[in-house]
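K.L.:
Quick one, structure_32.cif (mmCIF, C-alpha atoms and all ligand atoms):
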```
data_model
#
loop_
_atom_site.label_atom_id
_atom_site.label_comp_id
_atom_site.auth_asym_id
_atom_site.auth_seq_id
_atom_site.Cartn_x
_atom_site.Cartn_y
_atom_site.Cartn_z
CA MET A 15 21.93 68.05 32.85
CA ASP A 16 24.24 67.99 35.81
CA LYS A 17 26.78 70.71 35.06
CA LYS A 18 29.63 69.00 36.85
CA PRO A 19 32.62 68.20 34.67
CA LEU A 20 33.53 64.54 34.52
CA LEU A 21 36.58 65.32 32.42
CA GLU A 22 38.65 68.51 32.48
CA VAL A 23 41.32 68.65 29.80
CA ARG A 24 43.81 71.39 30.59
CA ASN A 25 46.53 72.63 28.22
CA LEU A 26 46.93 69.15 26.80
CA LYS A 27 49.83 68.62 24.42
CA LYS A 28 50.93 65.58 22.49
CA TYR A 29 54.01 66.00 20.33
CA PHE A 30 55.56 63.21 18.27
CA ASP A 31 59.32 63.34 17.76
CA LYS A 32 59.98 63.33 14.02
CA THR A 33 63.70 64.14 14.17
CA ARG A 34 65.61 62.08 11.64
CA GLY A 35 69.25 61.17 12.18
CA LEU A 36 71.44 61.27 15.27
CA PHE A 37 73.17 64.52 14.40
CA ALA A 38 70.12 66.49 13.30
CA LYS A 39 70.68 70.18 14.02
CA GLU A 40 67.10 70.86 14.95
CA LYS A 41 64.61 68.64 16.78
CA LYS A 42 61.42 68.17 14.78
CA PHE A 43 58.23 67.74 16.73
CA LEU A 44 54.88 67.10 15.17
CA HIS A 45 52.40 69.04 17.29
CA ALA A 46 49.43 66.66 16.94
CA VAL A 47 47.64 68.16 19.94
CA ASP A 48 48.91 71.57 20.92
CA ASP A 49 47.68 73.10 24.14
CA ILE A 50 43.96 72.35 24.14
CA SER A 51 41.53 72.77 27.05
CA PHE A 52 37.89 71.74 27.35
CA ASP A 53 35.47 70.20 29.84
CA ILE A 54 33.02 67.37 29.35
CA TYR A 55 30.10 67.47 31.76
CA LYS A 56 28.60 64.37 33.33
CA GLY A 57 25.97 62.84 31.06
CA GLU A 58 26.69 65.01 28.03
CA THR A 59 28.01 64.27 24.57
CA PHE A 60 30.91 66.45 23.53
CA GLY A 61 31.53 66.32 19.79
CA LEU A 62 35.05 66.86 18.44
CA VAL A 63 35.28 67.71 14.75
CA GLY A 64 37.89 68.77 12.24
CA GLU A 65 39.56 67.68 9.04
CA SER A 66 41.69 64.56 8.75
CA GLY A 67 44.98 64.85 10.64
CA CYS A 68 43.92 67.72 12.92
CA GLY A 69 44.54 65.63 16.06
CA LYS A 70 41.13 64.25 17.06
CA SER A 71 42.21 60.63 17.53
CA THR A 72 45.42 61.71 19.24
CA THR A 73 43.31 63.71 21.69
CA GLY A 74 41.16 60.66 22.45
CA ARG A 75 44.12 58.33 22.71
CA THR A 76 46.03 60.69 24.97
CA ILE A 77 43.03 61.06 27.30
CA VAL A 78 43.02 57.28 27.85
CA LYS A 79 46.82 57.38 27.98
CA LEU A 80 47.30 55.08 25.04
CA TYR A 81 49.75 57.93 24.35
CA GLU A 82 51.71 59.55 27.14
CA PRO A 83 50.83 63.28 27.17
CA THR A 84 53.70 65.67 26.40
CA ASP A 85 52.25 68.20 28.82
CA GLY A 86 48.99 69.26 30.46
CA GLN A 87 46.38 67.73 32.71
CA ILE A 88 43.62 65.18 32.13
CA ILE A 89 41.45 65.57 35.20
CA PHE A 90 38.97 62.71 35.34
CA ASP A 91 36.50 62.81 38.21
CA GLY A 92 38.93 65.02 40.14
CA VAL A 93 42.08 62.94 39.48
CA ASP A 94 44.80 64.11 37.08
CA LEU A 95 45.44 61.02 34.96
CA ALA A 96 48.52 62.66 33.44
CA SER A 97 50.29 62.20 36.77
CA VAL A 98 48.92 58.72 37.57
CA PRO A 99 51.74 56.16 37.06
CA GLU A 100 51.09 53.41 34.52
CA LYS A 101 50.80 50.67 37.16
CA GLU A 102 47.96 52.56 38.87
CA MET A 103 46.01 53.26 35.67
CA LEU A 104 43.96 50.03 35.63
CA PRO A 105 40.86 51.34 37.50
CA TYR A 106 40.70 54.36 35.17
CA ARG A 107 41.10 52.14 32.13
CA ARG A 108 37.81 50.53 33.13
CA LYS A 109 36.02 53.84 33.64
CA ILE A 110 37.07 55.25 30.27
CA GLN A 111 36.40 53.04 27.25
CA MET A 112 36.98 53.57 23.55
CA ILE A 113 34.99 52.63 20.47
CA PHE A 114 37.03 52.79 17.27
CA GLN A 115 36.35 53.85 13.71
CA ASP A 116 37.29 50.67 11.99
CA PRO A 117 35.21 47.78 13.32
CA TYR A 118 37.32 45.41 11.20
CA ALA A 119 40.70 46.33 12.63
CA SER A 120 39.59 46.92 16.20
CA LEU A 121 38.33 43.39 16.89
CA ASN A 122 40.88 40.58 17.20
CA ALA A 123 40.12 38.22 14.30
CA ARG A 124 41.27 35.16 16.25
CA MET A 125 38.97 35.70 19.22
CA THR A 126 35.32 34.69 19.49
CA VAL A 127 32.72 37.33 20.37
CA THR A 128 32.56 35.87 23.89
CA ASP A 129 36.34 36.21 24.35
CA ILE A 130 36.34 39.75 22.93
CA ILE A 131 33.62 40.94 25.30
CA ALA A 132 34.90 38.92 28.26
CA GLU A 133 38.44 40.29 28.05
CA GLY A 134 37.70 43.51 29.93
CA ILE A 135 35.43 41.76 32.43
CA VAL A 136 38.25 39.35 33.28
CA THR A 137 41.00 42.01 33.33
CA HIS A 138 39.01 44.11 35.76
CA LYS A 139 37.94 41.07 37.81
CA LEU A 140 34.31 42.19 37.73
CA TYR A 141 32.78 38.85 38.76
CA LYS A 142 35.55 37.59 41.00
CA ASP A 143 33.30 37.34 44.08
CA HIS A 144 30.50 35.61 42.25
CA ASP A 145 29.61 31.96 43.17
CA ASN A 146 30.00 30.88 39.59
CA PRO A 147 32.04 33.57 37.80
CA GLU A 148 32.14 31.75 34.49
CA LYS A 149 28.37 31.48 34.25
CA ALA A 150 27.91 35.05 35.46
CA ILE A 151 30.23 36.29 32.73
CA GLN A 152 28.52 34.22 30.02
CA ASP A 153 25.08 35.45 31.14
CA ARG A 154 26.34 39.02 31.11
CA ILE A 155 27.68 38.54 27.57
CA TYR A 156 24.31 37.21 26.38
CA GLU A 157 22.60 40.15 28.00
CA LEU A 158 25.01 42.61 26.36
CA LEU A 159 24.62 40.99 22.94
CA GLU A 160 20.88 41.28 23.22
CA SER A 161 21.04 44.91 24.27
CA VAL A 162 23.13 45.77 21.17
CA GLY A 163 20.68 43.94 18.93
CA LEU A 164 22.64 40.69 18.45
CA LYS A 165 21.73 37.15 19.49
CA LYS A 166 23.02 34.54 21.94
CA GLU A 167 24.03 32.36 19.00
CA HIS A 168 26.47 35.05 17.90
CA ALA A 169 28.59 34.58 21.03
CA SER A 170 30.68 31.72 19.67
CA ARG A 171 31.32 33.27 16.26
CA TYR A 172 34.36 35.16 14.96
CA PRO A 173 34.44 38.82 13.77
CA HIS A 174 34.74 37.92 10.05
CA GLU A 175 31.28 36.35 10.22
CA PHE A 176 29.66 39.75 10.83
CA SER A 177 28.86 42.86 8.79
CA GLY A 178 30.48 46.23 9.61
CA GLY A 179 27.42 47.41 11.53
CA GLN A 180 27.28 44.19 13.55
CA ARG A 181 30.98 44.43 14.36
CA GLN A 182 30.50 47.94 15.62
CA ARG A 183 27.71 46.57 17.86
CA ILE A 184 30.23 44.05 19.23
CA GLY A 185 32.65 46.93 19.86
CA ILE A 186 29.93 48.77 21.75
CA ALA A 187 29.09 45.66 23.80
CA ARG A 188 32.78 45.30 24.65
CA ALA A 189 32.93 48.91 25.86
CA LEU A 190 29.71 48.59 27.89
CA ALA A 191 30.79 45.29 29.48
CA VAL A 192 32.94 46.99 32.12
CA ASN A 193 30.36 49.63 33.15
CA PRO A 194 32.34 52.70 32.05
CA ASP A 195 31.55 56.33 32.91
CA LEU A 196 33.05 57.89 29.79
CA ILE A 197 33.19 56.42 26.29
CA ILE A 198 35.46 57.93 23.67
CA CYS A 199 33.78 57.19 20.36
CA ASP A 200 36.42 57.72 17.66
CA GLU A 201 34.46 58.07 14.42
CA PRO A 202 32.31 55.06 15.32
CA ILE A 203 29.96 55.46 12.39
CA SER A 204 32.18 56.87 9.61
CA ALA A 205 32.95 53.45 8.14
CA LEU A 206 29.31 52.28 8.19
CA ASP A 207 26.60 52.48 5.54
CA VAL A 208 24.40 55.54 5.93
CA SER A 209 21.40 53.36 6.73
CA ILE A 210 23.28 51.71 9.61
CA GLN A 211 24.75 54.97 10.95
CA ALA A 212 21.45 56.19 12.40
CA GLN A 213 20.82 52.85 14.11
CA VAL A 214 24.20 52.93 15.84
CA VAL A 215 23.78 56.58 16.88
CA ASN A 216 20.31 55.86 18.27
CA MET A 217 21.67 52.90 20.17
CA LEU A 218 24.46 55.00 21.68
CA GLU A 219 21.89 57.60 22.73
CA ASP A 220 19.67 54.97 24.35
CA PHE A 221 22.62 53.59 26.33
CA GLN A 222 23.57 57.09 27.39
CA LYS A 223 20.13 57.63 28.90
CA GLU A 224 19.96 54.19 30.45
CA PHE A 225 23.40 54.15 32.06
CA GLY A 226 24.08 57.88 32.51
CA LEU A 227 27.07 57.68 30.17
CA THR A 228 29.23 60.58 29.06
CA TYR A 229 30.58 60.61 25.49
CA LEU A 230 33.43 62.22 23.64
CA PHE A 231 32.20 61.77 20.07
CA ILE A 232 34.81 62.27 17.35
CA ALA A 233 33.84 62.87 13.72
CA HIS A 234 35.37 64.65 10.75
CA ASP A 235 32.30 66.41 9.56
CA LEU A 236 29.89 68.57 11.45
CA SER A 237 26.69 67.06 10.09
CA MET A 238 27.48 63.81 11.87
CA VAL A 239 27.97 65.29 15.32
CA LYS A 240 25.16 67.81 15.17
CA TYR A 241 22.36 65.57 16.34
CA ILE A 242 24.22 63.59 18.94
CA SER A 243 26.26 66.37 20.60
CA ASP A 244 25.27 68.77 23.36
CA ARG A 245 28.40 70.79 22.79
CA ILE A 246 30.98 70.73 20.03
CA GLY A 247 34.69 71.54 19.81
CA VAL A 248 36.16 72.38 16.40
CA MET A 249 39.81 71.42 15.90
CA TYR A 250 42.29 72.65 13.34
CA LEU A 251 45.94 71.54 13.21
CA GLY A 252 46.21 70.50 16.85
CA LYS A 253 44.29 73.50 18.20
CA LEU A 254 40.72 74.05 19.36
CA MET A 255 39.31 76.89 17.29
CA GLU A 256 35.79 77.07 18.70
CA VAL A 257 33.71 75.47 21.46
CA ALA A 258 29.98 76.07 21.85
CA THR A 259 26.69 74.30 22.37
CA SER A 260 25.60 72.38 19.31
CA ASP A 261 22.71 74.75 18.52
CA GLU A 262 24.79 77.87 19.02
CA LEU A 263 27.59 76.56 16.82
CA TYR A 264 25.14 75.90 13.98
CA GLU A 265 23.09 79.06 14.38
CA THR A 266 25.86 81.58 15.06
CA PRO A 267 29.31 80.17 14.36
CA LEU A 268 32.06 82.67 15.13
CA HIS A 269 35.31 81.24 13.85
CA PRO A 270 36.07 81.62 10.12
CA TYR A 271 37.09 77.95 9.99
CA THR A 272 33.81 76.76 11.53
CA LYS A 273 31.92 78.97 9.08
CA ALA A 274 33.78 77.37 6.19
CA LEU A 275 33.08 73.87 7.53
CA LEU A 276 29.39 74.64 7.97
CA SER A 277 29.03 76.27 4.58
CA SER A 278 30.10 73.04 2.91
CA ILE A 279 27.31 71.02 4.52
CA PRO A 280 24.34 70.75 2.18
CA LEU A 281 21.27 72.03 3.95
CA PRO A 282 18.21 69.94 3.16
CA ASP A 283 15.89 72.39 4.91
CA PRO A 284 14.47 74.79 2.26
CA GLU A 285 14.10 77.50 4.92
CA HIS A 286 17.88 77.59 5.19
CA GLU A 287 18.68 77.33 1.52
CA ASP A 288 19.71 80.92 0.97
CA LYS A 289 21.32 81.36 4.35
CA GLY A 290 24.83 81.87 3.09
CA LYS A 291 27.30 81.49 0.31
CA ARG A 292 29.45 78.42 0.12
CA ILE A 293 32.92 79.24 1.41
CA VAL A 294 35.62 77.40 -0.46
CA LEU A 295 38.79 76.97 1.54
CA GLN A 296 41.87 78.00 -0.38
CA GLY A 297 45.52 78.06 0.56
CA ASP A 298 47.77 75.36 1.95
CA VAL A 299 47.40 73.58 5.24
CA PRO A 300 50.67 74.38 7.04
CA SER A 301 52.87 71.59 8.39
CA PRO A 302 52.18 70.48 11.96
CA ILE A 303 55.96 70.06 12.48
CA ASN A 304 57.45 72.87 14.61
CA PRO A 305 54.55 75.20 13.71
CA LYS A 306 55.12 78.95 13.73
CA ASP A 307 53.68 81.32 16.33
CA ARG A 308 50.69 82.51 14.42
CA CYS A 309 47.07 81.59 13.87
CA ARG A 310 47.12 78.06 12.47
CA PHE A 311 44.31 79.00 10.10
CA ALA A 312 46.06 82.11 8.72
CA THR A 313 47.11 80.60 5.38
CA ARG A 314 43.50 79.69 4.55
CA CYS A 315 41.49 82.38 6.28
CA ASN A 316 39.55 84.90 4.22
CA TYR A 317 40.07 87.57 6.85
CA SER A 318 43.84 87.23 7.16
CA LYS A 319 44.45 89.31 4.04
CA ILE A 320 43.99 93.02 3.43
CA LEU A 321 43.23 94.53 0.06
CA VAL A 322 45.32 97.66 -0.51
CA GLU A 323 44.27 99.81 -3.45
CA ASN A 324 46.43 102.37 -5.18
CA ASP A 325 44.38 105.54 -5.10
CA GLY A 326 47.43 107.70 -5.64
CA SER A 327 47.99 108.64 -1.99
CA ASP A 328 49.80 106.38 0.51
CA PHE A 329 49.84 103.07 -1.40
CA LYS A 330 53.58 102.67 -0.94
CA GLN A 331 53.54 103.33 2.84
CA GLN A 332 50.74 100.79 3.23
CA ILE A 333 52.62 97.94 1.58
CA VAL A 334 56.24 98.49 2.61
CA GLY A 335 57.20 96.26 5.53
CA LYS A 336 54.27 93.90 4.94
CA TYR A 337 54.12 90.43 3.41
CA ALA A 338 52.51 89.92 0.01
CA ARG A 339 49.60 87.51 0.01
CA GLU A 340 49.87 86.84 -3.69
CA THR A 341 52.51 86.65 -6.38
CA VAL A 342 52.74 89.58 -8.77
CA ILE A 343 54.14 88.59 -12.14
CA ASP A 344 55.86 90.78 -14.70
CA HIS A 345 54.52 89.00 -17.75
CA GLU A 346 56.82 90.81 -20.17
CA ARG A 347 60.00 89.75 -18.43
CA HIS A 348 58.53 86.48 -17.18
CA HIS A 349 59.54 86.90 -13.59
CA ALA A 350 57.85 87.53 -10.27
CA ILE A 351 58.14 91.04 -8.85
CA VAL A 352 57.03 89.73 -5.50
CA GLU A 353 56.17 86.21 -4.46
CA GLU A 354 53.42 85.01 -2.18
CA ASN A 355 54.42 85.58 1.47
CA GLN A 356 57.49 87.61 0.47
CA TYR A 357 58.47 90.66 2.51
CA ILE A 358 57.85 93.89 0.59
CA THR A 359 60.93 96.13 0.73
CA GLU A 360 60.93 99.75 -0.53
CA GLU A 361 62.58 98.57 -3.70
CA ILE A 362 59.93 95.92 -4.31
CA ALA A 363 57.16 98.42 -3.52
CA ASP A 364 58.60 100.79 -6.17
CA MET A 365 58.66 97.97 -8.69
CA ILE A 366 55.05 97.07 -7.89
CA ILE A 367 54.03 100.69 -8.44
CA ASP A 368 56.12 101.09 -11.61
CA PHE A 369 54.55 97.96 -12.93
CA GLY A 370 51.15 99.65 -12.68
CA VAL A 371 49.59 97.35 -10.07
CA ASP A 372 46.53 99.13 -8.72
CA LYS A 373 45.64 96.72 -5.93
CA ILE A 374 47.37 93.99 -3.98
CA TYR A 375 46.52 91.69 -1.11
CA ILE A 376 48.89 91.73 1.86
CA ASN A 377 48.90 89.55 4.95
CA ARG A 378 47.16 90.85 8.08
CA SER A 379 50.19 91.05 10.40
CA LYS A 380 48.64 89.92 13.69
CA CYS A 381 47.24 86.73 12.13
CA PHE A 382 50.75 85.78 11.02
CA SER A 383 52.71 86.79 14.12
CA GLU A 384 50.61 85.92 17.17
CA GLU A 385 48.68 82.85 18.16
CA PRO A 386 45.09 83.63 19.17
CA LYS A 387 43.97 82.05 22.44
CA LEU A 388 40.65 80.26 22.87
CA GLU A 389 38.56 82.83 24.75
CA GLU A 390 34.94 83.14 25.85
CA TYR A 391 33.40 85.62 23.43
CA LYS A 392 29.81 85.10 24.56
CA LYS A 393 28.48 83.05 27.45
CA ASP A 394 29.60 79.43 26.94
CA HIS A 395 30.83 80.24 23.44
CA PHE A 396 34.61 80.15 23.01
CA THR A 397 36.62 81.03 19.92
CA ALA A 398 40.28 81.51 19.00
CA CYS A 399 40.54 84.45 16.60
CA HIS A 400 42.13 87.91 17.01
CA PHE A 401 39.35 89.58 15.09
CA THR A 402 36.08 88.00 16.22
CA LYS A 403 34.57 91.36 17.23
CA GLU A 404 35.56 93.07 13.98
CA ILE A 405 34.30 90.17 11.86
CA GLU A 406 31.00 90.05 13.78
CA GLU A 407 30.55 93.82 13.45
CA GLY A 408 31.49 93.68 9.78
CA THR A 409 34.32 96.18 10.19
CA ILE A 410 36.78 93.84 8.49
CA LYS A 411 35.93 91.88 5.42
N1 LIG B 1 51.63 57.47 16.54
C1 LIG B 1 51.94 58.54 15.82
N2 LIG B 1 53.22 58.86 15.54
C2 LIG B 1 53.53 59.94 14.81
N3 LIG B 1 52.64 60.83 14.32
C3 LIG B 1 51.34 60.57 14.57
C4 LIG B 1 50.90 59.43 15.33
N4 LIG B 1 49.55 59.43 15.41
C5 LIG B 1 49.15 60.52 14.74
N5 LIG B 1 50.21 61.21 14.23
C6 LIG B 1 50.16 62.47 13.48
O1 LIG B 1 49.47 63.39 14.30
C7 LIG B 1 48.57 64.20 13.52
C8 LIG B 1 47.16 64.03 14.05
O2 LIG B 1 46.72 62.72 13.75
P1 LIG B 1 45.32 62.14 14.25
O3 LIG B 1 45.28 60.72 13.88
O4 LIG B 1 45.14 62.48 15.68
O5 LIG B 1 44.30 62.99 13.39
P2 LIG B 1 42.73 62.82 13.22
O6 LIG B 1 42.15 64.18 13.41
O7 LIG B 1 42.22 61.72 14.07
O8 LIG B 1 42.59 62.44 11.68
P3 LIG B 1 41.55 61.43 10.94
O9 LIG B 1 40.28 62.22 10.72
O10 LIG B 1 42.24 61.13 9.66
O11 LIG B 1 41.35 60.23 11.81
C9 LIG B 1 48.75 63.77 12.09
O12 LIG B 1 49.68 64.66 11.46
C10 LIG B 1 49.34 62.38 12.20
O13 LIG B 1 50.15 62.08 11.09
S1 LIG B 2 43.22 85.20 13.82
FE1 LIG B 2 43.28 85.95 11.72
S2 LIG B 2 43.73 84.14 10.48
FE2 LIG B 2 43.08 83.42 12.48
S3 LIG B 2 40.91 83.04 12.25
FE3 LIG B 2 41.12 85.11 13.04
S4 LIG B 2 41.15 86.44 11.23
FE4 LIG B 2 41.51 84.33 10.54
MG MG B 3 41.29 59.89 13.69
#
```
Would you encode the structure as structure tokens?
P.N.:
Amino acid sequence: MDKKPLLEVRNLKKYFDKTRGLFAKEKKFLHAVDDISFDIYKGETFGLVGESGCGKSTTGRTIVKLYEPTDGQIIFDGVDLASVPEKEMLPYRRKIQMIFQDPYASLNARMTVTDIIAEGIVTHKLYKDHDNPEKAIQDRIYELLESVGLKKEHASRYPHEFSGGQRQRIGIARALAVNPDLIICDEPISALDVSIQAQVVNMLEDFQKEFGLTYLFIAHDLSMVKYISDRIGVMYLGKLMEVATSDELYETPLHPYTKALLSSIPLPDPEHEDKGKRIVLQGDVPSPINPKDRCRFATRCNYSKILVENDGSDFKQQIVGKYARETVIDHERHHAIVEENQYITEEIADMIIDFGVDKIYINRSKCFSEEPKLEEYKKDHFTACHFTKEIEEGTIK
């Protein structure tokens, strides 16, 4: 593969203003995409995964400037699209196409297949110098329909006459019609039957080879992107947590979130059956509105808590000035001595000790006070965690 980036996303941010009321004291911004950077090389498929609401679609939509970026650069083939004015965006709109998740909503119900596919061709004046543009466009539409496995006769029909899989084929034909360089596939197979999913993926792969296309392939679970992606980025609450080649991410994931995502994928291969325990994610997903300066994964990470045991020596010193990870209840008096995430003062520490607690989980301070940056831990393998080395070496558990 040619290792030249076609797309360089640099410190991209997209915030949505959620402030309610004219006289609101504090502005509320939803940080849908919060300072992410990654490259997509020419001819590769870059998979973007993460749970619902983590900002995958917003990333895709901001790259094509369906949303105006809040900050950052979107360097496409050497040009920063973030600073290209709207009226000069048309040529780039041709080069970057999108395929959407919902093949029902993304096709205009009142347009025929011909009109749907022709729209981009006409907008970008692709056959304007042709002797007979109308015929050239119709021929091109027939050719496209055939290449996505549909028939000439389908050209005059309306979207409701097709199945989900067929509609997604129409969406693909529409994207291909304008000879793009990059296609952003936003969960293109999630809404399809499992039997159809493989067909659509295979078709996308064939087109990639044939036309030298580059893909940003968005999905919410890792099993879907594994086979199609060369490299994968894992998102969590607007941030990129890990970026690595597909094989590396599956074989040696580094980030605790990626490990949790992978552990929930059933492994059909018996060789891998005992590879690891299933990690069940606990804890709340924090709000993406005005997020705090800390690791976004801290409230759910297994490594962001420290077990402190009372062995009679410095138990008190170890817990004073820290935040409790769990609530300690005085069952006799029916009240909490310390609540989850509460600061442990000397007085509270004394109460915990008097109460006879012999061990307590506290928050690991750095996870809750500093945001880890996405850094290259091994060659071409990036992760955003303060404690990658310690976790890998097994010195923290
Ligand atoms: N147009 C919008 N206006 C306001 N908030 C938005 C808008 N679009 C998305 N959001 C918010 O931004 C966050 C990221 O949403 P996004 O749709 O990008 O997530 P996603 O990862 O694509 O999720 P899914 O897997 O459900 O498609 C969510 O909290 C969402 O509510
Ligand atoms: S920085 Fe802390 S909370 Fe975040 S992933 Fe690493 S160990 Fe977990
Ligand atoms: Mg989405």
K.L.:
Measuring atom to atom with all atoms listed in the file, identify which of A:Thr84, A:Ser120, A:Ser177, A:Thr76 is nearest to ligand LIG 1 (chain B).
P.N.:
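The closest residue to ligand LIG 1 (chain B) is A:Thr76.
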K.L.:
Pick the closest to ligand LIG 2 (chain B) from A:Ile303, A:Leu20, A:Leu295, A:Ile362: which is it, counting only C-alpha atoms and all ligand atoms?
P.N.:
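For ligand LIG 2 (chain B), the nearest of the candidates is A:Leu295.
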K.L.:
Could the residues that lie within 10 Å of ligand LIG 2 (chain B), counting all atoms listed in the file, be listed as a PDB file with C-alpha atoms, keeping the file's coordinate frame?
P.N.:
```pdb
ATOM      1  CA  MET A 255      39.310  76.890  17.290  1.00  0.00           C
ATOM      2  CA  LEU A 268      32.060  82.670  15.130  1.00  0.00           C
ATOM      3  CA  HIS A 269      35.310  81.240  13.850  1.00  0.00           C
ATOM      4  CA  PRO A 270      36.070  81.620  10.120  1.00  0.00           C
ATOM      5  CA  TYR A 271      37.090  77.950   9.990  1.00  0.00           C
ATOM      6  CA  THR A 272      33.810  76.760  11.530  1.00  0.00           C
ATOM      7  CA  ARG A 308      50.690  82.510  14.420  1.00  0.00           C
ATOM      8  CA  CYS A 309      47.070  81.590  13.870  1.00  0.00           C
ATOM      9  CA  ARG A 310      47.120  78.060  12.470  1.00  0.00           C
ATOM     10  CA  PHE A 311      44.310  79.000  10.100  1.00  0.00           C
ATOM     11  CA  ALA A 312      46.060  82.110   8.720  1.00  0.00           C
ATOM     12  CA  THR A 313      47.110  80.600   5.380  1.00  0.00           C
ATOM     13  CA  ARG A 314      43.500  79.690   4.550  1.00  0.00           C
ATOM     14  CA  CYS A 315      41.490  82.380   6.280  1.00  0.00           C
ATOM     15  CA  ASN A 316      39.550  84.900   4.220  1.00  0.00           C
ATOM     16  CA  TYR A 317      40.070  87.570   6.850  1.00  0.00           C
ATOM     17  CA  SER A 318      43.840  87.230   7.160  1.00  0.00           C
ATOM     18  CA  LYS A 319      44.450  89.310   4.040  1.00  0.00           C
ATOM     19  CA  ASN A 377      48.900  89.550   4.950  1.00  0.00           C
ATOM     20  CA  ARG A 378      47.160  90.850   8.080  1.00  0.00           C
ATOM     21  CA  SER A 379      50.190  91.050  10.400  1.00  0.00           C
ATOM     22  CA  LYS A 380      48.640  89.920  13.690  1.00  0.00           C
ATOM     23  CA  CYS A 381      47.240  86.730  12.130  1.00  0.00           C
ATOM     24  CA  PHE A 382      50.750  85.780  11.020  1.00  0.00           C
ATOM     25  CA  SER A 383      52.710  86.790  14.120  1.00  0.00           C
ATOM     26  CA  GLU A 384      50.610  85.920  17.170  1.00  0.00           C
ATOM     27  CA  GLU A 385      48.680  82.850  18.160  1.00  0.00           C
ATOM     28  CA  PRO A 386      45.090  83.630  19.170  1.00  0.00           C
ATOM     29  CA  LYS A 387      43.970  82.050  22.440  1.00  0.00           C
ATOM     30  CA  THR A 397      36.620  81.030  19.920  1.00  0.00           C
ATOM     31  CA  ALA A 398      40.280  81.510  19.000  1.00  0.00           C
ATOM     32  CA  CYS A 399      40.540  84.450  16.600  1.00  0.00           C
ATOM     33  CA  HIS A 400      42.130  87.910  17.010  1.00  0.00           C
ATOM     34  CA  PHE A 401      39.350  89.580  15.090  1.00  0.00           C
ATOM     35  CA  THR A 402      36.080  88.000  16.220  1.00  0.00           C
ATOM     36  CA  LYS A 403      34.570  91.360  17.230  1.00  0.00           C
ATOM     37  CA  GLU A 404      35.560  93.070  13.980  1.00  0.00           C
ATOM     38  CA  ILE A 405      34.300  90.170  11.860  1.00  0.00           C
ATOM     39  CA  ILE A 410      36.780  93.840   8.490  1.00  0.00           C
ATOM     40  CA  LYS A 411      35.930  91.880   5.420  1.00  0.00           C
TER      41      LYS A 411
END
```
K.L.:
I need the residue nearest ligand LIG 1 (chain B) from this list: A:Pro105, A:Gly179, A:Pro305, A:Gly185. Use only C-alpha atoms and all ligand atoms for the distance.
P.N.:
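Counting only C-alpha atoms and all ligand atoms, the residue closest to ligand LIG 1 (chain B) is A:Pro305.
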K.L.:
Counting only C-alpha atoms and all ligand atoms, name the residues that have an atom within 10 Å of an atom of ligand MG 3 (chain B); the answer should be given as a PyMOL selection string.
P.N.:
chain A and resi 63-75+114-115+200-201+232-234
K.L.:
Out of A:Thr341, A:Asn355, A:Gln152, A:Thr33, which residue has the shortest atom-to-atom distance to ligand LIG 1 (chain B) when counting only C-alpha atoms and all ligand atoms?
P.N.:
A:Thr33
K.L.:
Write out as AutoDock Vina command-line options an axis-aligned box for range 186-205 of chain A: all of its atoms listed in the file, 5 Å added on each side, centre and edge lengths in Å with one decimal.
P.N.:
```
--center_x 32.8 --center_y 51.7 --center_z 20.6 --size_x 17.3 --size_y 22.8 --size_z 35.0
```
K.L.:
Using Å and a single decimal, report how far CA of Pro173 in chain A sits from CA of Arg124 in chain A.
P.N.:
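Separation of CA of Arg124 in chain A and CA of Pro173 in chain A: 8.1 Å.
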K.L.:
When distances are computed from only C-alpha atoms, which of A:Ile376, A:His144, A:Leu95, A:Ser260 shows the smallest separation from Val322 in chain A?
P.N.:
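With only C-alpha atoms as the atom set, the closest residue is A:Ile376.
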K.L.:
Counting all atoms listed in the file, figure out which residue out of A:Asp129, A:Ile374, A:Arg171, A:Phe369 gets nearest to Glu354 in chain A.
P.N.:
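Using all atoms listed in the file, Glu354 in chain A sits closest to A:Ile374.
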K.L.:
Which protein, DNA or RNA residues are at most 8 Å from (43.8, 73.9, 16.9) in the file's coordinates when you count only C-alpha atoms, listed as a PyMOL selection string?
P.N.:
chain A and resi 47-48+50+68+248-255+310
K.L.:
Contacts of range 53-55 of chain A at 10 Å or less, counting all atoms listed in the file, minus same-chain residues fewer than 3 places along, as an MDAnalysis selection string?
P.N.:
chainID A and resid 15:24 58:61 88:90 196 228:230 244:245
K.L.:
Interatomic distance between CA of Ala191 in chain A and CA of Pro99 in chain A?
P.N.:
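Computed distance, CA of Ala191 in chain A to CA of Pro99 in chain A, equals 24.8 Å.
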